[in-house]
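Everything below belongs to start-v3.txt, which stores compact mmCIF, C-alpha atoms.
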```txt
# COMPACT_ATOMS: atom_id res chain seq x y z
CA MET C 91 7.60 -148.75 -129.01
CA HIS C 92 6.49 -151.85 -130.87
CA ASP C 93 3.67 -151.34 -133.35
CA GLY C 94 3.51 -147.68 -132.34
CA GLY C 95 1.42 -146.64 -135.35
CA LYS C 96 -1.25 -149.25 -134.67
CA VAL C 97 -1.38 -148.36 -130.98
CA ILE C 98 -1.81 -144.65 -131.73
CA ILE C 99 -4.52 -145.33 -134.33
CA GLY C 100 -6.26 -147.59 -131.85
CA LEU C 101 -6.08 -144.93 -129.17
CA ILE C 102 -7.47 -142.28 -131.52
CA ILE C 103 -10.37 -144.55 -132.46
CA PHE C 104 -10.97 -145.32 -128.77
CA LEU C 105 -10.97 -141.63 -127.81
CA ALA C 106 -13.23 -140.76 -130.74
CA LEU C 107 -15.72 -143.40 -129.61
CA ILE C 108 -15.84 -142.51 -125.92
CA THR C 109 -16.09 -138.80 -126.66
CA PHE C 110 -18.76 -139.42 -129.28
CA PRO C 111 -21.60 -137.94 -127.18
CA LEU C 112 -19.62 -134.70 -126.85
CA TRP C 113 -18.87 -134.47 -130.60
CA TYR C 114 -22.42 -135.41 -131.43
CA ASN C 115 -23.88 -132.67 -129.24
CA VAL C 116 -21.49 -130.10 -130.66
CA ALA C 117 -22.36 -131.12 -134.20
CA THR C 118 -26.11 -131.00 -133.59
CA GLY C 119 -25.94 -127.74 -131.61
CA LYS C 120 -27.15 -129.26 -128.34
CA ALA C 121 -23.94 -128.65 -126.40
CA GLY C 122 -24.95 -125.17 -125.29
CA TYR C 123 -28.55 -126.14 -124.44
CA VAL C 124 -29.92 -125.11 -121.10
CA PRO C 125 -33.63 -125.17 -120.33
CA GLU C 126 -35.55 -121.89 -120.46
CA LEU C 127 -37.76 -121.65 -117.41
CA GLU C 128 -41.05 -119.83 -117.27
CA LYS C 129 -40.94 -116.62 -115.25
CA ALA C 130 -42.91 -116.38 -112.03
CA THR C 131 -46.25 -114.64 -112.47
CA ASP C 132 -45.78 -112.71 -109.26
CA GLY C 133 -42.97 -111.80 -106.92
CA PRO C 134 -40.64 -111.16 -105.28
CA CYS C 135 -39.46 -114.61 -104.30
CA VAL C 136 -38.87 -115.45 -100.63
CA ARG C 137 -35.12 -115.57 -101.35
CA ASP C 138 -33.03 -114.18 -104.21
CA THR C 139 -32.73 -116.06 -107.48
CA ILE C 140 -29.12 -117.18 -107.11
CA TYR C 141 -29.84 -118.67 -103.68
CA MET C 142 -32.99 -120.37 -104.91
CA LYS C 143 -31.29 -121.89 -107.95
CA ALA C 144 -28.70 -123.57 -105.78
CA ASN C 145 -30.55 -124.17 -102.52
CA HIS C 146 -34.31 -124.34 -103.06
CA MET C 147 -34.29 -128.01 -102.08
CA ASP C 148 -32.63 -127.22 -98.74
CA LEU C 149 -35.08 -124.39 -98.10
CA LEU C 150 -38.02 -126.70 -98.83
CA ASN C 151 -36.60 -129.43 -96.58
CA ASP C 152 -36.13 -126.92 -93.76
CA TRP C 153 -39.67 -125.59 -94.26
CA ARG C 154 -41.02 -129.13 -94.20
CA ASP C 155 -39.33 -129.97 -90.90
CA GLU C 156 -40.24 -126.65 -89.29
CA VAL C 157 -43.91 -126.93 -90.28
CA VAL C 158 -44.45 -130.61 -89.52
CA ARG C 159 -42.15 -131.16 -86.55
CA SER C 160 -42.31 -127.74 -84.84
CA GLY C 161 -45.63 -126.37 -86.07
CA ASP C 162 -43.77 -123.24 -87.20
CA ARG C 163 -45.82 -122.40 -90.27
CA PHE C 164 -44.75 -118.92 -91.29
CA TYR C 165 -41.64 -117.46 -92.84
CA GLN C 166 -40.79 -113.86 -92.08
CA HIS C 167 -39.84 -111.90 -95.19
CA ALA C 168 -38.59 -108.30 -95.18
CA ASP C 169 -41.01 -107.13 -97.90
CA LEU C 170 -43.70 -109.79 -97.98
CA GLY C 171 -44.25 -110.05 -94.24
CA ARG C 172 -45.49 -113.43 -93.01
CA VAL C 173 -45.43 -116.04 -95.75
CA GLU C 174 -46.89 -119.53 -95.36
CA LYS C 175 -44.20 -122.19 -95.67
CA SER C 176 -45.95 -124.19 -98.35
CA LEU C 177 -44.86 -125.63 -101.67
CA SER C 178 -48.40 -126.00 -103.02
CA ASN C 179 -49.85 -122.79 -101.64
CA THR C 180 -46.91 -120.38 -101.71
CA CYS C 181 -44.27 -121.47 -104.26
CA LEU C 182 -46.71 -122.72 -106.87
CA SER C 183 -48.96 -119.68 -106.52
CA CYS C 184 -46.30 -117.64 -108.38
CA HIS C 185 -44.61 -120.45 -110.31
CA GLU C 186 -47.92 -121.57 -111.70
CA ASN C 187 -46.66 -123.87 -114.41
CA LYS C 188 -44.89 -126.80 -112.81
CA ASP C 189 -44.15 -128.39 -116.22
CA LYS C 190 -42.30 -125.37 -117.50
CA PHE C 191 -40.62 -124.46 -114.24
CA CYS C 192 -39.91 -127.36 -111.89
CA ASP C 193 -40.03 -130.28 -114.30
CA ARG C 194 -38.10 -128.70 -117.14
CA CYS C 195 -35.00 -128.21 -115.02
CA HIS C 196 -35.40 -131.40 -112.98
CA ASP C 197 -35.63 -133.41 -116.21
CA TYR C 198 -32.54 -131.72 -117.57
CA MET C 199 -30.61 -132.42 -114.35
CA GLY C 200 -31.92 -135.97 -114.14
CA VAL C 201 -33.38 -135.60 -110.65
CA GLU C 202 -36.75 -136.96 -109.62
CA PRO C 203 -38.01 -135.29 -106.46
CA TYR C 204 -41.08 -137.02 -105.01
CA CYS C 205 -42.72 -133.90 -103.55
CA TRP C 206 -45.68 -134.23 -105.88
CA ASP C 207 -46.45 -137.81 -105.00
CA CYS C 208 -48.35 -136.23 -102.09
CA HIS C 209 -48.36 -132.46 -102.51
CA ILE C 210 -50.85 -131.19 -104.99
CA ILE C 211 -50.22 -128.94 -107.95
CA PRO C 212 -53.22 -126.61 -107.68
CA LYS C 213 -53.54 -126.10 -111.46
CA GLU C 214 -53.27 -129.75 -112.36
CA LEU C 215 -55.89 -131.61 -110.40
CA THR C 216 -56.01 -134.65 -112.62
CA TYR C 217 -57.10 -137.32 -110.16
CA GLY C 218 -60.57 -137.80 -108.79
CA ASN C 219 -63.09 -135.08 -109.58
CA MET T 111 7.26 -142.11 -134.41
CA GLY T 112 5.32 -139.07 -135.64
CA ILE T 113 4.04 -138.08 -132.19
CA ASP T 114 5.63 -138.43 -128.78
CA ARG T 115 3.92 -138.67 -125.42
CA ARG T 116 4.48 -134.97 -124.66
CA LYS T 117 2.78 -133.83 -127.88
CA PHE T 118 -0.08 -136.27 -127.34
CA VAL T 119 -0.82 -134.94 -123.86
CA LYS T 120 -0.71 -131.35 -125.20
CA LEU T 121 -3.18 -132.17 -127.96
CA ALA T 122 -5.50 -133.98 -125.58
CA GLY T 123 -5.44 -130.97 -123.22
CA LEU T 124 -6.26 -128.56 -126.05
CA THR T 125 -9.18 -130.76 -127.12
CA VAL T 126 -10.65 -130.70 -123.63
CA LEU T 127 -10.22 -126.90 -123.47
CA GLY T 128 -12.16 -126.64 -126.74
CA PHE T 129 -15.20 -128.21 -125.07
CA ALA T 130 -14.97 -126.05 -122.00
CA GLY T 131 -15.28 -122.85 -124.03
CA ALA T 132 -19.08 -122.68 -124.22
CA LYS T 133 -20.55 -120.13 -121.75
CA PRO T 134 -23.33 -121.41 -119.52
CA GLY T 135 -26.53 -119.44 -119.75
CA GLY T 136 -30.23 -119.73 -118.97
CA VAL T 137 -31.08 -121.31 -115.64
CA PHE T 138 -27.42 -121.87 -114.70
CA SER T 139 -26.21 -118.30 -115.31
CA GLN T 140 -25.07 -116.33 -112.31
CA GLU T 141 -26.93 -113.20 -113.42
CA THR T 142 -30.08 -112.24 -111.61
CA PRO T 143 -32.96 -111.52 -113.97
CA ALA T 144 -34.30 -108.01 -113.37
CA ALA T 145 -37.94 -109.14 -113.37
CA ASP T 146 -37.61 -110.97 -110.05
CA THR T 147 -37.82 -107.87 -107.92
CA ALA T 148 -40.83 -106.34 -109.66
CA SER T 149 -44.16 -106.56 -107.84
CA THR T 150 -45.00 -106.64 -104.15
CA ALA T 151 -48.20 -108.68 -103.64
CA PRO T 152 -47.71 -111.36 -100.95
CA PRO T 153 -48.27 -114.90 -102.21
CA SER T 154 -50.59 -115.88 -99.39
CA GLY T 155 -53.36 -114.08 -97.54
CA GLU T 156 -53.06 -112.52 -94.10
CA PRO T 157 -52.98 -115.36 -91.56
CA THR T 158 -55.49 -115.48 -88.75
CA ALA T 159 -54.56 -116.09 -85.12
CA PRO T 160 -54.15 -119.80 -84.33
CA LEU T 161 -56.26 -121.58 -81.72
CA GLU T 162 -53.98 -122.38 -78.83
CA GLY T 163 -54.44 -124.84 -76.01
CA LYS T 164 -52.20 -126.81 -73.69
CA ARG T 165 -54.16 -130.07 -73.88
CA TRP T 166 -56.71 -130.50 -76.64
CA ALA T 167 -59.58 -132.89 -75.96
CA MET T 168 -62.94 -133.77 -77.46
CA ILE T 169 -66.27 -134.73 -75.94
CA VAL T 170 -68.74 -136.83 -77.91
CA ASP T 171 -72.36 -136.56 -76.78
CA VAL T 172 -73.61 -139.98 -77.87
CA ARG T 173 -77.20 -139.04 -76.92
CA LYS T 174 -77.22 -136.54 -79.76
CA CYS T 175 -75.76 -139.07 -82.20
CA MET T 176 -78.53 -141.49 -81.17
CA GLN T 177 -81.18 -139.01 -82.20
CA ASN T 178 -79.63 -138.86 -85.69
CA PRO T 179 -78.64 -142.44 -86.47
CA ASP T 180 -78.07 -141.87 -90.18
CA CYS T 181 -75.86 -138.82 -89.76
CA HIS T 182 -72.19 -139.10 -90.69
CA ALA T 183 -71.47 -135.46 -91.36
CA CYS T 184 -68.35 -135.62 -89.16
CA SER T 185 -66.60 -138.35 -91.11
CA ASP T 186 -67.74 -136.96 -94.47
CA ALA T 187 -66.31 -133.53 -93.63
CA CYS T 188 -63.08 -134.96 -92.21
CA HIS T 189 -62.43 -137.31 -95.08
CA LEU T 190 -63.14 -134.61 -97.64
CA THR T 191 -60.90 -132.06 -95.90
CA HIS T 192 -57.97 -134.45 -95.58
CA ASN T 193 -58.09 -136.18 -98.96
CA VAL T 194 -58.91 -139.56 -97.41
CA PRO T 195 -59.41 -142.15 -100.16
CA ASP T 196 -62.36 -144.50 -100.45
CA PHE T 197 -61.18 -147.83 -101.83
CA GLY T 198 -64.66 -149.25 -101.67
CA ASN T 199 -63.74 -152.31 -99.63
CA PRO T 200 -63.29 -152.73 -95.87
CA LYS T 201 -59.94 -154.52 -96.20
CA ASP T 202 -58.16 -151.45 -97.60
CA GLU T 203 -60.31 -148.91 -95.78
CA ILE T 204 -58.70 -145.67 -94.56
CA LYS T 205 -60.45 -144.13 -91.54
CA TRP T 206 -59.79 -140.95 -89.59
CA ILE T 207 -63.16 -140.67 -87.88
CA TRP T 208 -65.94 -143.22 -88.33
CA LYS T 209 -69.00 -144.64 -86.59
CA GLU T 210 -68.78 -147.82 -84.57
CA SER T 211 -71.31 -149.82 -82.57
CA PHE T 212 -71.29 -149.50 -78.77
CA HIS T 213 -70.18 -153.14 -78.52
CA HIS T 214 -67.16 -152.52 -80.68
CA ALA T 215 -66.19 -149.15 -79.23
CA PHE T 216 -66.78 -150.08 -75.56
CA HIS T 217 -66.64 -153.86 -75.49
CA GLU T 218 -65.41 -153.85 -71.89
CA GLN T 219 -68.53 -152.00 -70.77
CA GLY T 220 -70.94 -154.02 -72.90
CA HIS T 221 -72.86 -157.08 -71.71
CA GLU T 222 -75.59 -159.27 -73.14
CA HIS T 223 -78.42 -157.40 -71.41
CA LEU T 224 -77.31 -153.97 -72.53
CA GLU T 225 -80.15 -151.48 -72.76
CA GLU T 226 -82.01 -151.51 -76.03
CA ARG T 227 -81.05 -148.03 -77.24
CA MET T 228 -77.33 -148.82 -76.90
CA LEU T 229 -77.60 -151.99 -78.96
CA HIS T 230 -78.52 -150.00 -82.03
CA THR T 231 -76.31 -146.99 -81.47
CA LYS T 232 -73.43 -146.05 -83.69
CA LEU T 233 -71.06 -143.51 -82.22
CA PRO T 234 -68.11 -141.67 -83.74
CA VAL T 235 -64.62 -142.91 -82.88
CA LEU T 236 -61.28 -141.42 -83.86
CA CYS T 237 -57.68 -141.17 -82.68
CA ASN T 238 -57.79 -140.61 -78.91
CA HIS T 239 -54.66 -138.45 -78.83
CA CYS T 240 -53.58 -140.36 -75.75
CA ASP T 241 -51.43 -138.84 -73.04
CA ASN T 242 -49.47 -142.08 -73.10
CA PRO T 243 -49.67 -143.18 -76.73
CA PRO T 244 -48.45 -146.72 -77.45
CA CYS T 245 -48.15 -145.95 -81.18
CA VAL T 246 -45.47 -143.36 -80.42
CA LYS T 247 -43.43 -145.78 -78.33
CA VAL T 248 -43.17 -148.35 -81.11
CA CYS T 249 -42.44 -146.01 -84.03
CA PRO T 250 -38.84 -146.71 -85.12
CA THR T 251 -38.45 -143.48 -87.11
CA GLN T 252 -40.24 -140.98 -84.86
CA ALA T 253 -42.69 -140.43 -87.71
CA THR T 254 -45.37 -140.23 -85.05
CA TRP T 255 -44.90 -138.32 -81.82
CA ARG T 256 -46.85 -136.55 -79.12
CA ARG T 257 -46.63 -132.79 -79.43
CA GLU T 258 -45.65 -131.44 -76.01
CA LYS T 259 -47.25 -128.04 -76.44
CA ASP T 260 -50.83 -129.27 -76.92
CA GLY T 261 -50.82 -133.08 -76.66
CA ILE T 262 -51.72 -133.81 -80.27
CA VAL T 263 -50.36 -137.15 -81.48
CA MET T 264 -48.85 -136.06 -84.79
CA MET T 265 -47.91 -137.87 -87.98
CA ASP T 266 -45.00 -136.97 -90.24
CA TRP T 267 -45.84 -138.71 -93.48
CA HIS T 268 -42.44 -137.78 -94.89
CA ARG T 269 -40.80 -139.97 -92.29
CA CYS T 270 -43.20 -142.93 -92.13
CA ILE T 271 -41.57 -146.07 -93.54
CA GLY T 272 -44.77 -148.11 -93.45
CA CYS T 273 -43.64 -150.71 -90.90
CA ARG T 274 -47.18 -150.69 -89.34
CA TYR T 275 -45.93 -151.21 -85.76
CA CYS T 276 -48.20 -148.31 -84.77
CA VAL T 277 -51.20 -149.95 -86.43
CA VAL T 278 -50.62 -153.00 -84.25
CA ALA T 279 -49.86 -150.98 -81.11
CA CYS T 280 -52.93 -148.73 -81.25
CA PRO T 281 -55.68 -150.37 -79.17
CA TYR T 282 -58.38 -148.28 -80.85
CA GLY T 283 -57.84 -149.17 -84.51
CA SER T 284 -57.31 -145.50 -85.24
CA ARG T 285 -54.54 -146.02 -87.73
CA SER T 286 -54.92 -147.05 -91.35
CA PHE T 287 -52.31 -148.20 -93.83
CA ASN T 288 -52.26 -147.29 -97.51
CA TRP T 289 -51.91 -150.65 -99.22
CA ARG T 290 -52.46 -148.99 -102.60
CA ASP T 291 -51.83 -145.61 -104.18
CA PRO T 292 -54.65 -143.54 -102.67
CA ARG T 293 -54.80 -140.70 -105.18
CA PRO T 294 -57.06 -142.28 -107.81
CA PHE T 295 -59.55 -143.15 -105.04
CA ILE T 296 -60.02 -139.64 -103.68
CA LYS T 297 -63.38 -138.36 -104.84
CA GLU T 298 -62.59 -134.67 -104.63
CA ILE T 299 -59.01 -133.54 -104.02
CA GLN T 300 -58.54 -130.53 -101.76
CA PRO T 301 -55.47 -128.68 -103.06
CA ASP T 302 -54.47 -127.16 -99.72
CA PHE T 303 -53.90 -130.53 -98.03
CA PRO T 304 -51.48 -133.22 -99.22
CA THR T 305 -52.51 -136.73 -100.16
CA ARG T 306 -50.54 -139.74 -98.97
CA THR T 307 -48.66 -142.38 -100.93
CA ARG T 308 -48.72 -146.13 -100.91
CA GLY T 309 -46.90 -147.57 -97.89
CA VAL T 310 -47.75 -144.79 -95.42
CA VAL T 311 -49.87 -144.95 -92.26
CA GLU T 312 -52.36 -142.18 -91.63
CA LYS T 313 -54.75 -141.08 -88.91
CA CYS T 314 -56.57 -138.12 -87.38
CA THR T 315 -54.29 -135.21 -86.43
CA PHE T 316 -56.98 -133.24 -84.54
CA CYS T 317 -56.92 -130.88 -87.55
CA GLU T 318 -53.72 -129.25 -86.34
CA GLU T 319 -53.49 -127.46 -89.70
CA ARG T 320 -56.93 -125.92 -89.11
CA LEU T 321 -56.14 -125.02 -85.49
CA SER T 322 -53.11 -123.12 -86.75
CA ARG T 323 -55.46 -121.04 -88.92
CA GLY T 324 -57.82 -120.38 -86.02
CA GLN T 325 -60.45 -122.93 -87.13
CA LEU T 326 -62.08 -125.73 -85.15
CA PRO T 327 -61.54 -129.32 -86.33
CA ALA T 328 -63.54 -130.12 -89.47
CA CYS T 329 -65.69 -132.77 -87.75
CA VAL T 330 -66.66 -130.39 -84.93
CA GLU T 331 -67.52 -127.67 -87.40
CA ALA T 332 -69.56 -130.08 -89.54
CA CYS T 333 -71.65 -131.51 -86.68
CA GLU T 334 -74.98 -129.69 -86.83
CA HIS T 335 -76.33 -131.43 -83.74
CA GLY T 336 -73.66 -130.22 -81.34
CA ALA T 337 -72.56 -133.74 -80.51
CA LEU T 338 -68.85 -132.91 -80.76
CA LYS T 339 -67.19 -130.41 -78.46
CA PHE T 340 -63.52 -129.48 -78.72
CA GLY T 341 -61.43 -127.52 -76.27
CA ASP T 342 -58.53 -127.16 -73.89
CA LEU T 343 -58.56 -129.46 -70.85
CA GLU T 344 -55.89 -127.42 -69.08
CA ASP T 345 -58.11 -124.35 -69.10
CA PRO T 346 -60.52 -124.67 -66.13
CA ASP T 347 -62.93 -122.18 -67.71
CA SER T 348 -63.19 -123.98 -71.05
CA GLU T 349 -66.44 -125.46 -72.36
CA VAL T 350 -65.06 -129.00 -72.30
CA ARG T 351 -64.13 -128.70 -68.64
CA ALA T 352 -67.62 -127.40 -67.84
CA ILE T 353 -69.20 -130.34 -69.67
CA LEU T 354 -66.92 -132.83 -67.89
CA ARG T 355 -67.86 -131.30 -64.52
CA GLU T 356 -71.58 -131.68 -65.17
CA ASN T 357 -71.80 -135.03 -66.98
CA TYR T 358 -70.73 -138.59 -66.37
CA THR T 359 -68.29 -139.43 -69.15
CA ILE T 360 -66.48 -142.60 -70.17
CA ARG T 361 -63.36 -143.22 -72.22
CA ARG T 362 -62.42 -146.15 -74.42
CA LYS T 363 -60.36 -148.94 -72.80
CA PRO T 364 -59.27 -146.89 -69.77
CA ALA T 365 -57.68 -149.94 -68.12
CA LEU T 366 -54.86 -149.92 -70.68
CA GLY T 367 -53.44 -146.75 -69.16
CA THR T 368 -53.17 -144.89 -72.45
CA GLN T 369 -55.12 -141.92 -71.01
CA PRO T 370 -57.28 -141.24 -74.05
CA GLU T 371 -58.52 -137.67 -74.48
CA ILE T 372 -61.81 -138.38 -76.24
CA TYR T 373 -64.65 -138.45 -73.70
CA TYR T 374 -68.11 -139.94 -74.32
CA ILE T 375 -71.40 -138.98 -72.69
CA VAL T 376 -73.66 -142.02 -73.04
```
File written out as structure tokens:
Amino acid sequence: MHDGGKVIIGLIIFLALITFPLWYNVATGKAGYVPELEKATDGPCVRDTIYMKANHMDLLNDWRDEVVRSGDRFYQHADLGRVEKSLSNTCLSCHENKDKFCDRCHDYMGVEPYCWDCHIIPKELTYGN
Amino acid sequence: MGIDRRKFVKLAGLTVLGFAGAKPGGVFSQETPAADTASTAPPSGEPTAPLEGKRWAMIVDVRKCMQNPDCHACSDACHLTHNVPDFGNPKDEIKWIWKESFHHAFHEQGHEHLEERMLHTKLPVLCNHCDNPPCVKVCPTQATWRREKDGIVMMDWHRCIGCRYCVVACPYGSRSFNWRDPRPFIKEIQPDFPTRTRGVVEKCTFCEERLSRGQLPACVEACEHGALKFGDLEDPDSEVRAILRENYTIRRKPALGTQPEIYYIV
């Protein structure tokens, strides 16, 4: 290998630079950071927590289509009985703080759902009035 | 050489493993927090029985509107209930139900010697929930469709791409387009109904969300003079059928074959 030492040093510098964000987060203690979400004020949820963490967006999409396209407005729950399929009126009635529940995790994951462009957060009526 | 390829790959692998060591916690942990199964109160109240009909229709008694020329309780109630914005200029106006002159609403029936009382009459107009809706035919995304179970011409604002074909196709001007973000122009937001966004078409939905809760449409409920009647045309014993049997009624632009389901007693 010609100029092996220089190549290796170059590679080490290159690796150090591209992994800088990782080292930086380890050094500043941010590597293990995960957002703490505010607990629901009431319960139980319509589905269990593990399902909701992974699939709440699918559930909401299904609810949306069932309500709007089929007029099927209620979800049958073993303990809760008939529950209205509604983000604003059902989900947010227990998860009252959208900032500390929805947004905190969405910001961390870098996703920007546009539900709230139209649907209203009952506790945050900022427009009009 | 102090380091060969084999050693380098080993070291690189170990470095990566070092990063992977941290245990995920918080929102991404697989453990179920105990608090989630605590209380039992249902999040929403006990639902009431929905109003059900096979073919919803409305009858407007224009004679009663004539006696109250300054009344617009129907449009006020509708626009409040459905978060309809008021942009303050007719170019951007969003309308679900509004009052129109006889000449504009029934221009085919009008003539220059129309009786005096009709010349000065304003009557409520809204989406006709046609049996044969031209807006539905032109919609490229099926964001608007005629509901088979009760004939309501529905809107799915999630699906509307704002092409405005339906606005052009509707012969009654019942559809409005949001040229601007409507939210800042809504006087009083009702939290139980969504707003719309810029680039979406909206119109009257015969209050299908209220029917599902067992309530009459907001305009019908708000009309103190009994000028608006709502009911099921397929039910021969319904109030609307009785009114249609006993009164001469007209519909807007019947020659177009859209089969509108808003009837007017003039």
Taking (-37.4, -117.7, -97.8) in the coordinates of the supplied file, I want to know which residues reach to within 12 Å of it, counting only C-alpha atoms; could you give the answer as a PyMOL selection string? chain C and resi 134-139+141-142+145-153+164-177+180-181
Name all residues at most 6 Å from region 359-376 of chain T (count only C-alpha atoms; drop same-chain ones fewer than 6 positions away) and give them as a PyMOL selection string. chain T and resi 167-172+216+238-243
Counting all atoms listed in the file, the residue among T:Thr307, T:Glu226, T:Cys237, T:Glu162 that lies closest to Phe295 (chain T) is T:Thr307
Which is closest to chain T among C:Gly200, C:Pro212, C:Gly119, C:Gly100, if we use all atoms listed in the file?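 For chain T, the nearest of the candidates is C:Pro212.
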Distance of CA of Lys232 (chain T) from CA of Cys175 (chain T), expressed in Å to one decimal place: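 So the two atoms, CA of Cys175 (chain T) and CA of Lys232 (chain T), lie 7.5 Å apart.
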Selection as a list in words: residues within 12 Å of (-68.8, -152.4, -75.3), counting all atoms listed in the file: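 Output of the proximity query reads Glu210, Ser211, Phe212, His213, His214, Ala215, Phe216, His217, Glu218, Gln219, Gly220, His221, Glu222, His223, Leu224, Glu225, Met228, Leu229, Thr231, Lys232, Leu233, Ile360, Arg361, Arg362, Lys363 and Val376 of chain T.
Distance-wise, CA of Ser160 (chain C) and CA of Pro304 (chain T) end up 17.9 Å apart.
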With all atoms listed in the file as the basis for distance, which of C:Asp197, C:Glu126, C:Glu156, C:Asp162 is at the shortest distance from chain T?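 Of the candidates, the smallest distance to chain T is held by C:Glu126.
Taking CA of Cys317 (chain T) as the reference point, CA of Lys209 (chain T) is found at 18.3 Å.
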Of the candidates T:Met176, T:Cys245, T:Cys333, T:Leu354, which one gets nearest to Glu312 (chain T) if we count all atoms listed in the file?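 For Glu312 (chain T), the nearest of the given residues is T:Cys245.
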Residue contacts of region 128-132 of chain C (7 Å, only C-alpha atoms) excluding same-chain residues fewer than 3 positions away, as a list in words: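 Within the cut-off, the hits are Cys184, His185, Lys190 and Phe191 of chain C; Ser149 of chain T.
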